[in-house]
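Just coords24.cif here, mmCIF, N, CA and C atoms:
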data_final
loop_
_atom_site.label_atom_id
_atom_site.label_comp_id
_atom_site.auth_asym_id
_atom_site.auth_seq_id
_atom_site.Cartn_x
_atom_site.Cartn_y
_atom_site.Cartn_z
N MET A 1 4.81 4.75 -15.52
CA MET A 1 3.78 4.66 -14.50
C MET A 1 3.76 3.22 -13.99
N PRO A 2 3.69 3.03 -12.66
CA PRO A 2 3.74 1.66 -12.11
C PRO A 2 2.47 0.89 -12.44
N GLU A 3 2.65 -0.41 -12.46
CA GLU A 3 1.52 -1.32 -12.65
C GLU A 3 0.66 -1.31 -11.39
N PRO A 4 -0.61 -1.70 -11.52
CA PRO A 4 -1.41 -1.87 -10.31
C PRO A 4 -0.74 -2.86 -9.37
N ALA A 5 -0.96 -2.70 -8.08
CA ALA A 5 -0.37 -3.59 -7.09
C ALA A 5 -0.72 -5.04 -7.44
N PRO A 6 0.27 -5.91 -7.58
CA PRO A 6 0.02 -7.27 -8.04
C PRO A 6 -0.42 -8.22 -6.93
N GLY A 7 -1.08 -7.73 -5.92
CA GLY A 7 -1.52 -8.61 -4.84
C GLY A 7 -0.34 -9.13 -4.05
N ARG A 8 0.79 -8.44 -4.13
CA ARG A 8 2.00 -8.79 -3.38
C ARG A 8 2.42 -10.23 -3.63
N ALA A 9 2.27 -10.64 -4.87
CA ALA A 9 2.66 -11.99 -5.30
C ALA A 9 2.00 -13.06 -4.43
N GLY A 10 0.75 -12.80 -4.07
CA GLY A 10 0.00 -13.77 -3.28
C GLY A 10 0.28 -13.73 -1.79
N ARG A 11 1.15 -12.83 -1.36
CA ARG A 11 1.51 -12.73 0.06
C ARG A 11 0.45 -11.96 0.82
N GLU A 12 0.04 -12.48 1.95
CA GLU A 12 -0.89 -11.81 2.84
C GLU A 12 -0.11 -11.34 4.07
N PRO A 13 -0.54 -10.24 4.71
CA PRO A 13 0.19 -9.82 5.90
C PRO A 13 0.05 -10.86 7.02
N LEU A 14 1.04 -10.88 7.87
CA LEU A 14 0.99 -11.79 9.02
C LEU A 14 -0.24 -11.46 9.86
N PRO A 15 -0.77 -12.45 10.58
CA PRO A 15 -1.97 -12.21 11.40
C PRO A 15 -1.80 -11.01 12.33
N GLY A 16 -2.80 -10.14 12.34
CA GLY A 16 -2.78 -8.98 13.22
C GLY A 16 -1.89 -7.83 12.76
N SER A 17 -1.36 -7.91 11.53
CA SER A 17 -0.47 -6.86 11.04
C SER A 17 -0.98 -6.35 9.69
N ARG A 18 -0.30 -5.32 9.21
CA ARG A 18 -0.61 -4.79 7.89
C ARG A 18 0.68 -4.40 7.20
N PHE A 19 0.62 -4.26 5.88
CA PHE A 19 1.77 -3.84 5.12
C PHE A 19 1.93 -2.32 5.23
N LEU A 20 3.16 -1.83 5.16
CA LEU A 20 3.43 -0.40 5.19
C LEU A 20 2.71 0.29 4.03
N SER A 21 2.66 -0.34 2.87
CA SER A 21 1.99 0.27 1.72
C SER A 21 0.51 0.54 2.01
N ASP A 22 -0.13 -0.32 2.80
CA ASP A 22 -1.53 -0.08 3.17
C ASP A 22 -1.66 1.09 4.12
N ALA A 23 -0.71 1.23 5.04
CA ALA A 23 -0.72 2.37 5.96
C ALA A 23 -0.51 3.67 5.19
N ILE A 24 0.35 3.65 4.17
CA ILE A 24 0.59 4.85 3.36
C ILE A 24 -0.66 5.18 2.54
N ALA A 25 -1.31 4.17 1.98
CA ALA A 25 -2.54 4.41 1.21
C ALA A 25 -3.59 5.09 2.08
N GLU A 26 -3.70 4.63 3.32
CA GLU A 26 -4.65 5.23 4.26
C GLU A 26 -4.29 6.68 4.54
N LYS A 27 -2.99 6.97 4.66
CA LYS A 27 -2.55 8.34 4.93
C LYS A 27 -2.81 9.25 3.73
N VAL A 28 -2.62 8.74 2.53
CA VAL A 28 -2.88 9.54 1.33
C VAL A 28 -4.35 9.99 1.35
N ARG A 29 -5.24 9.09 1.68
CA ARG A 29 -6.66 9.43 1.75
C ARG A 29 -6.94 10.39 2.91
N ALA A 30 -6.38 10.10 4.08
CA ALA A 30 -6.64 10.92 5.26
C ALA A 30 -6.17 12.37 5.05
N TYR A 31 -4.98 12.55 4.47
CA TYR A 31 -4.49 13.90 4.23
C TYR A 31 -5.33 14.62 3.17
N ARG A 32 -5.81 13.90 2.18
CA ARG A 32 -6.69 14.51 1.18
C ARG A 32 -7.96 15.04 1.86
N LEU A 33 -8.54 14.21 2.72
CA LEU A 33 -9.76 14.61 3.40
C LEU A 33 -9.52 15.76 4.38
N LEU A 34 -8.38 15.74 5.09
CA LEU A 34 -8.05 16.84 6.00
C LEU A 34 -7.92 18.17 5.26
N ARG A 35 -7.45 18.11 4.04
CA ARG A 35 -7.26 19.32 3.25
C ARG A 35 -8.51 19.65 2.41
N ARG A 36 -9.57 18.87 2.64
CA ARG A 36 -10.86 19.07 1.95
C ARG A 36 -10.71 19.09 0.44
N LEU A 37 -9.88 18.17 -0.06
CA LEU A 37 -9.67 18.04 -1.50
C LEU A 37 -10.48 16.86 -2.03
N LYS A 38 -10.93 16.99 -3.26
CA LYS A 38 -11.57 15.87 -3.96
C LYS A 38 -10.47 15.09 -4.65
N GLN A 39 -10.78 13.85 -5.00
CA GLN A 39 -9.80 13.04 -5.73
C GLN A 39 -9.41 13.73 -7.03
N ASP A 40 -10.36 14.39 -7.69
CA ASP A 40 -10.05 15.14 -8.92
C ASP A 40 -9.06 16.27 -8.66
N ASP A 41 -9.17 16.91 -7.50
CA ASP A 41 -8.24 18.00 -7.15
C ASP A 41 -6.81 17.47 -7.02
N VAL A 42 -6.67 16.33 -6.33
CA VAL A 42 -5.34 15.73 -6.16
C VAL A 42 -4.77 15.33 -7.53
N ALA A 43 -5.62 14.71 -8.36
CA ALA A 43 -5.17 14.30 -9.69
C ALA A 43 -4.70 15.51 -10.50
N GLU A 44 -5.45 16.60 -10.45
CA GLU A 44 -5.07 17.81 -11.19
C GLU A 44 -3.73 18.36 -10.71
N LYS A 45 -3.56 18.41 -9.38
CA LYS A 45 -2.30 18.92 -8.82
C LYS A 45 -1.13 18.00 -9.20
N MET A 46 -1.37 16.69 -9.23
CA MET A 46 -0.31 15.76 -9.64
C MET A 46 0.02 15.95 -11.13
N ARG A 47 -1.00 16.22 -11.95
CA ARG A 47 -0.74 16.48 -13.38
C ARG A 47 0.09 17.76 -13.55
N GLU A 48 -0.16 18.76 -12.69
CA GLU A 48 0.66 19.98 -12.73
C GLU A 48 2.12 19.68 -12.45
N LEU A 49 2.36 18.60 -11.69
CA LEU A 49 3.73 18.17 -11.40
C LEU A 49 4.21 17.12 -12.42
N ARG A 50 3.49 17.01 -13.53
CA ARG A 50 3.81 16.14 -14.67
C ARG A 50 3.66 14.65 -14.38
N HIS A 51 2.75 14.31 -13.47
CA HIS A 51 2.37 12.91 -13.24
C HIS A 51 1.01 12.73 -13.92
N PRO A 52 0.88 11.78 -14.82
CA PRO A 52 -0.37 11.63 -15.58
C PRO A 52 -1.49 10.97 -14.76
N TRP A 53 -1.88 11.61 -13.69
CA TRP A 53 -2.88 11.05 -12.79
C TRP A 53 -4.29 11.46 -13.19
N THR A 54 -5.23 10.57 -12.90
CA THR A 54 -6.65 10.83 -13.05
C THR A 54 -7.31 10.60 -11.69
N GLN A 55 -8.59 10.87 -11.63
CA GLN A 55 -9.33 10.59 -10.40
C GLN A 55 -9.25 9.10 -10.07
N ALA A 56 -9.29 8.26 -11.10
CA ALA A 56 -9.21 6.80 -10.89
C ALA A 56 -7.86 6.42 -10.29
N THR A 57 -6.79 7.11 -10.68
CA THR A 57 -5.46 6.83 -10.12
C THR A 57 -5.47 7.09 -8.62
N VAL A 58 -6.03 8.25 -8.22
CA VAL A 58 -6.08 8.60 -6.80
C VAL A 58 -6.88 7.54 -6.05
N SER A 59 -8.00 7.13 -6.60
CA SER A 59 -8.83 6.11 -5.97
C SER A 59 -8.07 4.79 -5.80
N GLN A 60 -7.36 4.38 -6.83
CA GLN A 60 -6.59 3.13 -6.75
C GLN A 60 -5.50 3.22 -5.69
N VAL A 61 -4.82 4.36 -5.62
CA VAL A 61 -3.76 4.56 -4.62
C VAL A 61 -4.36 4.49 -3.22
N GLU A 62 -5.46 5.20 -3.00
CA GLU A 62 -6.07 5.25 -1.68
C GLU A 62 -6.61 3.89 -1.24
N ARG A 63 -6.97 3.04 -2.17
CA ARG A 63 -7.48 1.71 -1.83
C ARG A 63 -6.38 0.65 -1.81
N GLY A 64 -5.13 1.07 -2.01
CA GLY A 64 -4.01 0.13 -1.98
C GLY A 64 -3.98 -0.79 -3.19
N GLN A 65 -4.63 -0.37 -4.27
CA GLN A 65 -4.67 -1.19 -5.48
C GLN A 65 -3.62 -0.78 -6.49
N ARG A 66 -2.84 0.23 -6.17
CA ARG A 66 -1.80 0.71 -7.07
C ARG A 66 -0.60 1.15 -6.25
N ASN A 67 0.57 0.67 -6.62
CA ASN A 67 1.80 1.08 -5.95
C ASN A 67 2.20 2.47 -6.39
N LEU A 68 2.91 3.15 -5.52
CA LEU A 68 3.43 4.49 -5.81
C LEU A 68 4.91 4.42 -6.14
N THR A 69 5.35 5.27 -7.07
CA THR A 69 6.79 5.40 -7.30
C THR A 69 7.33 6.41 -6.29
N VAL A 70 8.64 6.44 -6.14
CA VAL A 70 9.27 7.43 -5.26
C VAL A 70 8.95 8.83 -5.76
N ASP A 71 9.00 9.04 -7.08
CA ASP A 71 8.69 10.35 -7.64
C ASP A 71 7.26 10.77 -7.32
N GLU A 72 6.33 9.83 -7.35
CA GLU A 72 4.94 10.14 -7.01
C GLU A 72 4.78 10.46 -5.52
N LEU A 73 5.53 9.75 -4.66
CA LEU A 73 5.51 10.08 -3.24
C LEU A 73 5.99 11.51 -3.00
N VAL A 74 7.04 11.91 -3.72
CA VAL A 74 7.53 13.28 -3.61
C VAL A 74 6.44 14.25 -4.08
N GLY A 75 5.79 13.92 -5.19
CA GLY A 75 4.70 14.76 -5.70
C GLY A 75 3.58 14.90 -4.69
N LEU A 76 3.17 13.81 -4.09
CA LEU A 76 2.10 13.86 -3.08
C LEU A 76 2.53 14.69 -1.87
N SER A 77 3.80 14.59 -1.49
CA SER A 77 4.25 15.39 -0.34
C SER A 77 4.17 16.88 -0.68
N ILE A 78 4.42 17.24 -1.94
CA ILE A 78 4.29 18.64 -2.38
C ILE A 78 2.82 19.04 -2.40
N VAL A 79 1.97 18.20 -2.97
CA VAL A 79 0.53 18.49 -3.06
C VAL A 79 -0.06 18.71 -1.67
N TYR A 80 0.33 17.88 -0.71
CA TYR A 80 -0.23 17.96 0.64
C TYR A 80 0.55 18.88 1.57
N GLY A 81 1.69 19.40 1.13
CA GLY A 81 2.50 20.28 1.96
C GLY A 81 3.12 19.55 3.14
N LEU A 82 3.61 18.33 2.89
CA LEU A 82 4.18 17.48 3.93
C LEU A 82 5.62 17.15 3.60
N SER A 83 6.37 16.73 4.61
CA SER A 83 7.68 16.14 4.35
C SER A 83 7.46 14.70 3.90
N LEU A 84 8.44 14.14 3.25
CA LEU A 84 8.35 12.72 2.89
C LEU A 84 8.19 11.86 4.13
N ASN A 85 8.90 12.22 5.19
CA ASN A 85 8.81 11.45 6.43
C ASN A 85 7.38 11.42 6.96
N GLU A 86 6.68 12.57 6.91
CA GLU A 86 5.30 12.61 7.38
C GLU A 86 4.40 11.69 6.57
N LEU A 87 4.63 11.65 5.26
CA LEU A 87 3.81 10.82 4.39
C LEU A 87 4.12 9.33 4.57
N LEU A 88 5.38 9.01 4.82
CA LEU A 88 5.79 7.61 4.97
C LEU A 88 5.63 7.07 6.39
N ASP A 89 5.41 7.96 7.34
CA ASP A 89 5.26 7.56 8.74
C ASP A 89 4.01 6.69 8.89
N PRO A 90 4.14 5.46 9.39
CA PRO A 90 2.97 4.58 9.50
C PRO A 90 2.01 4.92 10.62
N VAL A 91 2.37 5.87 11.49
CA VAL A 91 1.47 6.26 12.57
C VAL A 91 0.28 6.99 11.95
N PRO A 92 -0.95 6.61 12.31
CA PRO A 92 -2.14 7.22 11.69
C PRO A 92 -2.19 8.74 11.87
N VAL A 93 -2.82 9.41 10.91
CA VAL A 93 -2.94 10.86 10.92
C VAL A 93 -3.68 11.34 12.17
N ASP A 94 -4.66 10.57 12.64
CA ASP A 94 -5.44 10.98 13.81
C ASP A 94 -4.69 10.80 15.12
N GLY A 95 -3.43 10.35 15.04
CA GLY A 95 -2.62 10.20 16.23
C GLY A 95 -2.88 8.91 16.99
N GLY A 96 -3.64 8.01 16.42
CA GLY A 96 -3.89 6.73 17.07
C GLY A 96 -2.62 5.91 17.19
N PRO A 97 -2.75 4.70 17.71
CA PRO A 97 -1.55 3.87 17.87
C PRO A 97 -1.00 3.43 16.52
N PRO A 98 0.31 3.26 16.44
CA PRO A 98 0.89 2.78 15.18
C PRO A 98 0.46 1.34 14.94
N PRO A 99 0.41 0.95 13.69
CA PRO A 99 0.01 -0.43 13.39
C PRO A 99 1.15 -1.40 13.64
N THR A 100 0.81 -2.66 13.79
CA THR A 100 1.80 -3.73 13.74
C THR A 100 2.09 -3.93 12.26
N LEU A 101 3.37 -3.88 11.87
CA LEU A 101 3.72 -3.91 10.45
C LEU A 101 4.37 -5.22 10.04
N ASP A 102 3.97 -5.71 8.87
CA ASP A 102 4.63 -6.83 8.21
C ASP A 102 5.57 -6.22 7.17
N ILE A 103 6.87 -6.32 7.41
CA ILE A 103 7.86 -5.78 6.47
C ILE A 103 8.66 -6.89 5.80
N GLY A 104 8.15 -8.13 5.89
CA GLY A 104 8.80 -9.24 5.22
C GLY A 104 9.62 -10.15 6.12
N LEU A 105 9.71 -9.81 7.39
CA LEU A 105 10.42 -10.68 8.34
C LEU A 105 9.50 -11.83 8.74
N PRO A 106 10.01 -12.85 9.41
CA PRO A 106 9.15 -13.95 9.85
C PRO A 106 8.20 -13.56 10.98
N PHE A 107 8.31 -12.33 11.48
CA PHE A 107 7.44 -11.81 12.53
C PHE A 107 7.10 -10.37 12.17
N ALA A 108 6.03 -9.88 12.74
CA ALA A 108 5.63 -8.49 12.49
C ALA A 108 6.31 -7.55 13.48
N LEU A 109 6.54 -6.32 13.06
CA LEU A 109 7.10 -5.31 13.97
C LEU A 109 6.00 -4.84 14.91
N PRO A 110 6.22 -4.93 16.23
CA PRO A 110 5.20 -4.50 17.18
C PRO A 110 5.03 -2.98 17.16
N PRO A 111 3.87 -2.49 17.61
CA PRO A 111 3.58 -1.06 17.56
C PRO A 111 4.64 -0.16 18.18
N GLU A 112 5.19 -0.53 19.34
CA GLU A 112 6.18 0.35 19.97
C GLU A 112 7.46 0.43 19.15
N THR A 113 7.84 -0.65 18.48
CA THR A 113 9.00 -0.62 17.60
C THR A 113 8.69 0.24 16.38
N VAL A 114 7.48 0.12 15.85
CA VAL A 114 7.06 0.95 14.72
C VAL A 114 7.12 2.42 15.11
N ARG A 115 6.65 2.75 16.33
CA ARG A 115 6.68 4.14 16.80
C ARG A 115 8.12 4.66 16.85
N ARG A 116 9.05 3.87 17.39
CA ARG A 116 10.45 4.30 17.47
C ARG A 116 11.05 4.47 16.07
N TRP A 117 10.72 3.51 15.19
CA TRP A 117 11.23 3.53 13.82
C TRP A 117 10.72 4.78 13.10
N SER A 118 9.43 5.08 13.26
CA SER A 118 8.86 6.25 12.58
C SER A 118 9.40 7.55 13.16
N ALA A 119 9.94 7.51 14.37
CA ALA A 119 10.53 8.70 14.99
C ALA A 119 12.02 8.83 14.65
N GLY A 120 12.52 7.98 13.77
CA GLY A 120 13.88 8.14 13.29
C GLY A 120 14.89 7.11 13.76
N ALA A 121 14.48 6.16 14.59
CA ALA A 121 15.43 5.14 15.05
C ALA A 121 15.76 4.18 13.91
N SER A 122 16.99 3.72 13.87
CA SER A 122 17.39 2.66 12.95
C SER A 122 17.14 1.33 13.66
N LEU A 123 16.67 0.34 12.90
CA LEU A 123 16.39 -0.97 13.48
C LEU A 123 17.45 -1.98 13.05
N PHE A 124 17.89 -2.80 14.01
CA PHE A 124 18.84 -3.87 13.75
C PHE A 124 18.26 -5.15 14.32
N PHE A 125 18.39 -6.25 13.58
CA PHE A 125 17.80 -7.53 13.98
C PHE A 125 18.90 -8.55 14.16
N ASN A 126 18.81 -9.32 15.24
CA ASN A 126 19.80 -10.35 15.53
C ASN A 126 19.08 -11.60 16.03
N LYS A 127 19.14 -12.68 15.25
CA LYS A 127 18.51 -13.93 15.65
C LYS A 127 19.50 -14.73 16.50
N GLU A 128 19.01 -15.13 17.68
CA GLU A 128 19.85 -15.92 18.57
C GLU A 128 20.02 -17.32 17.99
N ALA A 129 21.26 -17.80 17.98
CA ALA A 129 21.57 -19.12 17.43
C ALA A 129 20.81 -20.20 18.21
N GLY A 130 20.20 -21.13 17.47
CA GLY A 130 19.49 -22.25 18.08
C GLY A 130 18.18 -21.85 18.75
N SER A 131 17.67 -20.69 18.42
CA SER A 131 16.46 -20.20 19.07
C SER A 131 15.58 -19.51 18.03
N ASN A 132 14.30 -19.39 18.33
CA ASN A 132 13.39 -18.63 17.47
C ASN A 132 13.31 -17.17 17.88
N LYS A 133 14.06 -16.80 18.92
CA LYS A 133 14.01 -15.42 19.41
C LYS A 133 14.84 -14.51 18.51
N VAL A 134 14.28 -13.34 18.25
CA VAL A 134 14.97 -12.31 17.48
C VAL A 134 15.02 -11.07 18.34
N GLN A 135 16.21 -10.53 18.47
CA GLN A 135 16.38 -9.30 19.24
C GLN A 135 16.29 -8.13 18.26
N ILE A 136 15.42 -7.18 18.58
CA ILE A 136 15.28 -5.96 17.78
C ILE A 136 15.93 -4.84 18.58
N THR A 137 16.90 -4.20 17.97
CA THR A 137 17.55 -3.07 18.62
C THR A 137 17.23 -1.82 17.82
N ALA A 138 16.64 -0.84 18.49
CA ALA A 138 16.33 0.44 17.87
C ALA A 138 17.37 1.45 18.35
N VAL A 139 18.08 2.06 17.41
CA VAL A 139 19.15 2.98 17.75
C VAL A 139 18.76 4.38 17.27
N GLY A 140 18.79 5.32 18.18
CA GLY A 140 18.42 6.70 17.86
C GLY A 140 17.07 7.02 18.45
N GLY A 141 16.83 8.27 18.73
CA GLY A 141 15.55 8.67 19.31
C GLY A 141 15.36 8.02 20.68
N LEU A 142 14.20 7.49 20.91
CA LEU A 142 13.88 6.82 22.18
C LEU A 142 14.16 5.33 22.04
N ALA A 143 15.40 4.98 21.82
CA ALA A 143 15.77 3.59 21.51
C ALA A 143 15.79 2.73 22.74
N GLU A 144 15.20 1.55 22.62
CA GLU A 144 15.25 0.51 23.62
C GLU A 144 15.31 -0.81 22.88
N GLU A 145 15.48 -1.89 23.61
CA GLU A 145 15.53 -3.21 22.98
C GLU A 145 14.25 -3.98 23.30
N GLU A 146 13.84 -4.84 22.36
CA GLU A 146 12.70 -5.70 22.56
C GLU A 146 13.07 -7.10 22.08
N GLU A 147 12.42 -8.09 22.62
CA GLU A 147 12.60 -9.46 22.16
C GLU A 147 11.31 -9.97 21.58
N ARG A 148 11.38 -10.67 20.44
CA ARG A 148 10.20 -11.26 19.82
C ARG A 148 10.44 -12.75 19.67
N GLN A 149 9.37 -13.50 19.77
CA GLN A 149 9.49 -14.95 19.52
C GLN A 149 8.74 -15.31 18.28
#

Let me see the file written as structure tokens.
Amino acid sequence: MPEPAPGRAGREPLPGSRFLSDAIAEKVRAYRLLRRLKQDDVAEKMRELRHPWTQATVSQVERGQRNLTVDELVGLSIVYGLSLNELLDPVPVDGGPPPTLDIGLPFALPPETVRRWSAGASLFFNKEAGSNKVQITAVGGLAEEEERQ
């Protein structure tokens, strides 16, 4: 079982952005509420899949205080009747705009790039020599290019 989220080793998201793990935590809660499940219900269903979850585990996951393993993500996708892609997609359940994401680069991914990425595009990054500009190329789906400074 994974340790509680260690505060990302002191790392905070870039201004105006959020971490993908926080977007996933929000989705775990949103899908639970859409399916009118209690945290105890989710924990019980996860235990049926041999994950030793309690109500407190569900609460920690939903508040972003505990990281998920890949096996647990698969379990949650089964519990909620979703594909892994639906669960990992950072676009909010209510269909609102995608968040600006901090994925560890020196800049955050803008919402339109996040939308293309969540729709299946592969992202490629190329920093121009002698410049702070980074070209983001999204390949697949509705791929276009963007420039970030």

- Message: Applying 8 Å and only C-alpha atoms, which residues near region 30-32 of chain A remain after dropping the ones on its own chain fewer than 5 positions away? List them as a PyMOL selection string.
- Response: chain A and resi 37-39+42+80+93

To test your reading of the syntax: which residues would the PyMOL selection byres (((chain A and resi 121-126 and name CA) around 6) and name CA) return for the file shown? Reply as a compact mmCIF listing (two decimals) with N, CA and C atoms, in the frame of the given file.
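Output (expr_12.txt):
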# COMPACT_ATOMS: atom_id res chain seq x y z
N ARG A 116 9.05 3.87 17.39
CA ARG A 116 10.45 4.30 17.47
C ARG A 116 11.05 4.47 16.07
N TRP A 117 10.72 3.51 15.19
CA TRP A 117 11.23 3.53 13.82
C TRP A 117 10.72 4.78 13.10
N GLY A 120 12.52 7.98 13.77
CA GLY A 120 13.88 8.14 13.29
C GLY A 120 14.89 7.11 13.76
N LYS A 127 19.14 -12.68 15.25
CA LYS A 127 18.51 -13.93 15.65
C LYS A 127 19.50 -14.73 16.50
N VAL A 134 14.28 -13.34 18.25
CA VAL A 134 14.97 -12.31 17.48
C VAL A 134 15.02 -11.07 18.34
N GLN A 135 16.21 -10.53 18.47
CA GLN A 135 16.38 -9.30 19.24
C GLN A 135 16.29 -8.13 18.26
N ILE A 136 15.42 -7.18 18.58
CA ILE A 136 15.28 -5.96 17.78
C ILE A 136 15.93 -4.84 18.58
N THR A 137 16.90 -4.20 17.97
CA THR A 137 17.55 -3.07 18.62
C THR A 137 17.23 -1.82 17.82
N ALA A 138 16.64 -0.84 18.49
CA ALA A 138 16.33 0.44 17.87
C ALA A 138 17.37 1.45 18.35
N VAL A 139 18.08 2.06 17.41
CA VAL A 139 19.15 2.98 17.75
C VAL A 139 18.76 4.38 17.27
N GLY A 140 18.79 5.32 18.18
CA GLY A 140 18.42 6.70 17.86
C GLY A 140 17.07 7.02 18.45
N GLY A 141 16.83 8.27 18.73
CA GLY A 141 15.55 8.67 19.31
C GLY A 141 15.36 8.02 20.68

- Give the answer as one residue: which of A:Lys27, A:Leu87, A:Arg115, A:Trp53 has the shortest atom-to-atom distance to Thr100 (chain A), using only C-alpha atoms? A:Arg115

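Here the residues within chain A that DSSP labels strand (DSSP E) on the basis of the backbone are Arg18, Phe19, Leu101, Asp102, Ser122, Leu123, Phe124, Phe125, Asn126, Lys127, Val134, Gln135, Ile136, Thr137, Ala138, Val139, Glu145, Glu146, Glu147 and Arg148 of chain A.
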
- Item | Who sits within 8 Å of Val91 (chain A), only N, CA and C atoms, same chain under 3 positions skipped, as an NGL selection string | :A and (23-24 or 27 or 86-88 or 94-99 or 114-115 or 118)

- Message: as a count of residues only, please: every residue in chain A that DSSP puts in alpha helix (DSSP H).
- Response: 57

With the file shown as input, list the residues that the PyMOL selection byres (((chain A and resi 102 and name CA) around 8) and name CA) selects, as a compact mmCIF listing (two decimals) with N, CA and C atoms, in the frame of the given file.
# COMPACT_ATOMS: atom_id res chain seq x y z
N PRO A 13 -0.54 -10.24 4.71
CA PRO A 13 0.19 -9.82 5.90
C PRO A 13 0.05 -10.86 7.02
N LEU A 14 1.04 -10.88 7.87
CA LEU A 14 0.99 -11.79 9.02
C LEU A 14 -0.24 -11.46 9.86
N SER A 17 -1.36 -7.91 11.53
CA SER A 17 -0.47 -6.86 11.04
C SER A 17 -0.98 -6.35 9.69
N ARG A 18 -0.30 -5.32 9.21
CA ARG A 18 -0.61 -4.79 7.89
C ARG A 18 0.68 -4.40 7.20
N PHE A 19 0.62 -4.26 5.88
CA PHE A 19 1.77 -3.84 5.12
C PHE A 19 1.93 -2.32 5.23
N LEU A 20 3.16 -1.83 5.16
CA LEU A 20 3.43 -0.40 5.19
C LEU A 20 2.71 0.29 4.03
N THR A 100 0.81 -2.66 13.79
CA THR A 100 1.80 -3.73 13.74
C THR A 100 2.09 -3.93 12.26
N LEU A 101 3.37 -3.88 11.87
CA LEU A 101 3.72 -3.91 10.45
C LEU A 101 4.37 -5.22 10.04
N ILE A 103 6.87 -6.32 7.41
CA ILE A 103 7.86 -5.78 6.47
C ILE A 103 8.66 -6.89 5.80
N GLY A 104 8.15 -8.13 5.89
CA GLY A 104 8.80 -9.24 5.22
C GLY A 104 9.62 -10.15 6.12
N LEU A 105 9.71 -9.81 7.39
CA LEU A 105 10.42 -10.68 8.34
C LEU A 105 9.50 -11.83 8.74
N PHE A 107 8.31 -12.33 11.48
CA PHE A 107 7.44 -11.81 12.53
C PHE A 107 7.10 -10.37 12.17
N ALA A 108 6.03 -9.88 12.74
CA ALA A 108 5.63 -8.49 12.49
C ALA A 108 6.31 -7.55 13.48
N LEU A 109 6.54 -6.32 13.06
CA LEU A 109 7.10 -5.31 13.97
C LEU A 109 6.00 -4.84 14.91

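A straight line drawn from atom N of Gly10 (chain A) to atom N of Leu68 (chain A) is 16.2 Å long.
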
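Among the candidates A:Gly16, A:Val61, A:Pro106, A:Val28, the one nearest to Leu82 (chain A) when counting only C-alpha atoms is A:Val28.
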
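Compared by their closest atoms to Val58 (chain A), and using only N, CA and C atoms, the residues A:Ala43, A:Val70, A:Val79, A:Leu33 rank with A:Ala43 nearest.
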
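The space separating atom N of Pro52 (chain A) from atom C of Arg66 (chain A) comes to 13.7 Å.
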
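Of note, CA of Gly75 (chain A) and atom C of Arg50 (chain A) are spaced 8.7 Å apart.
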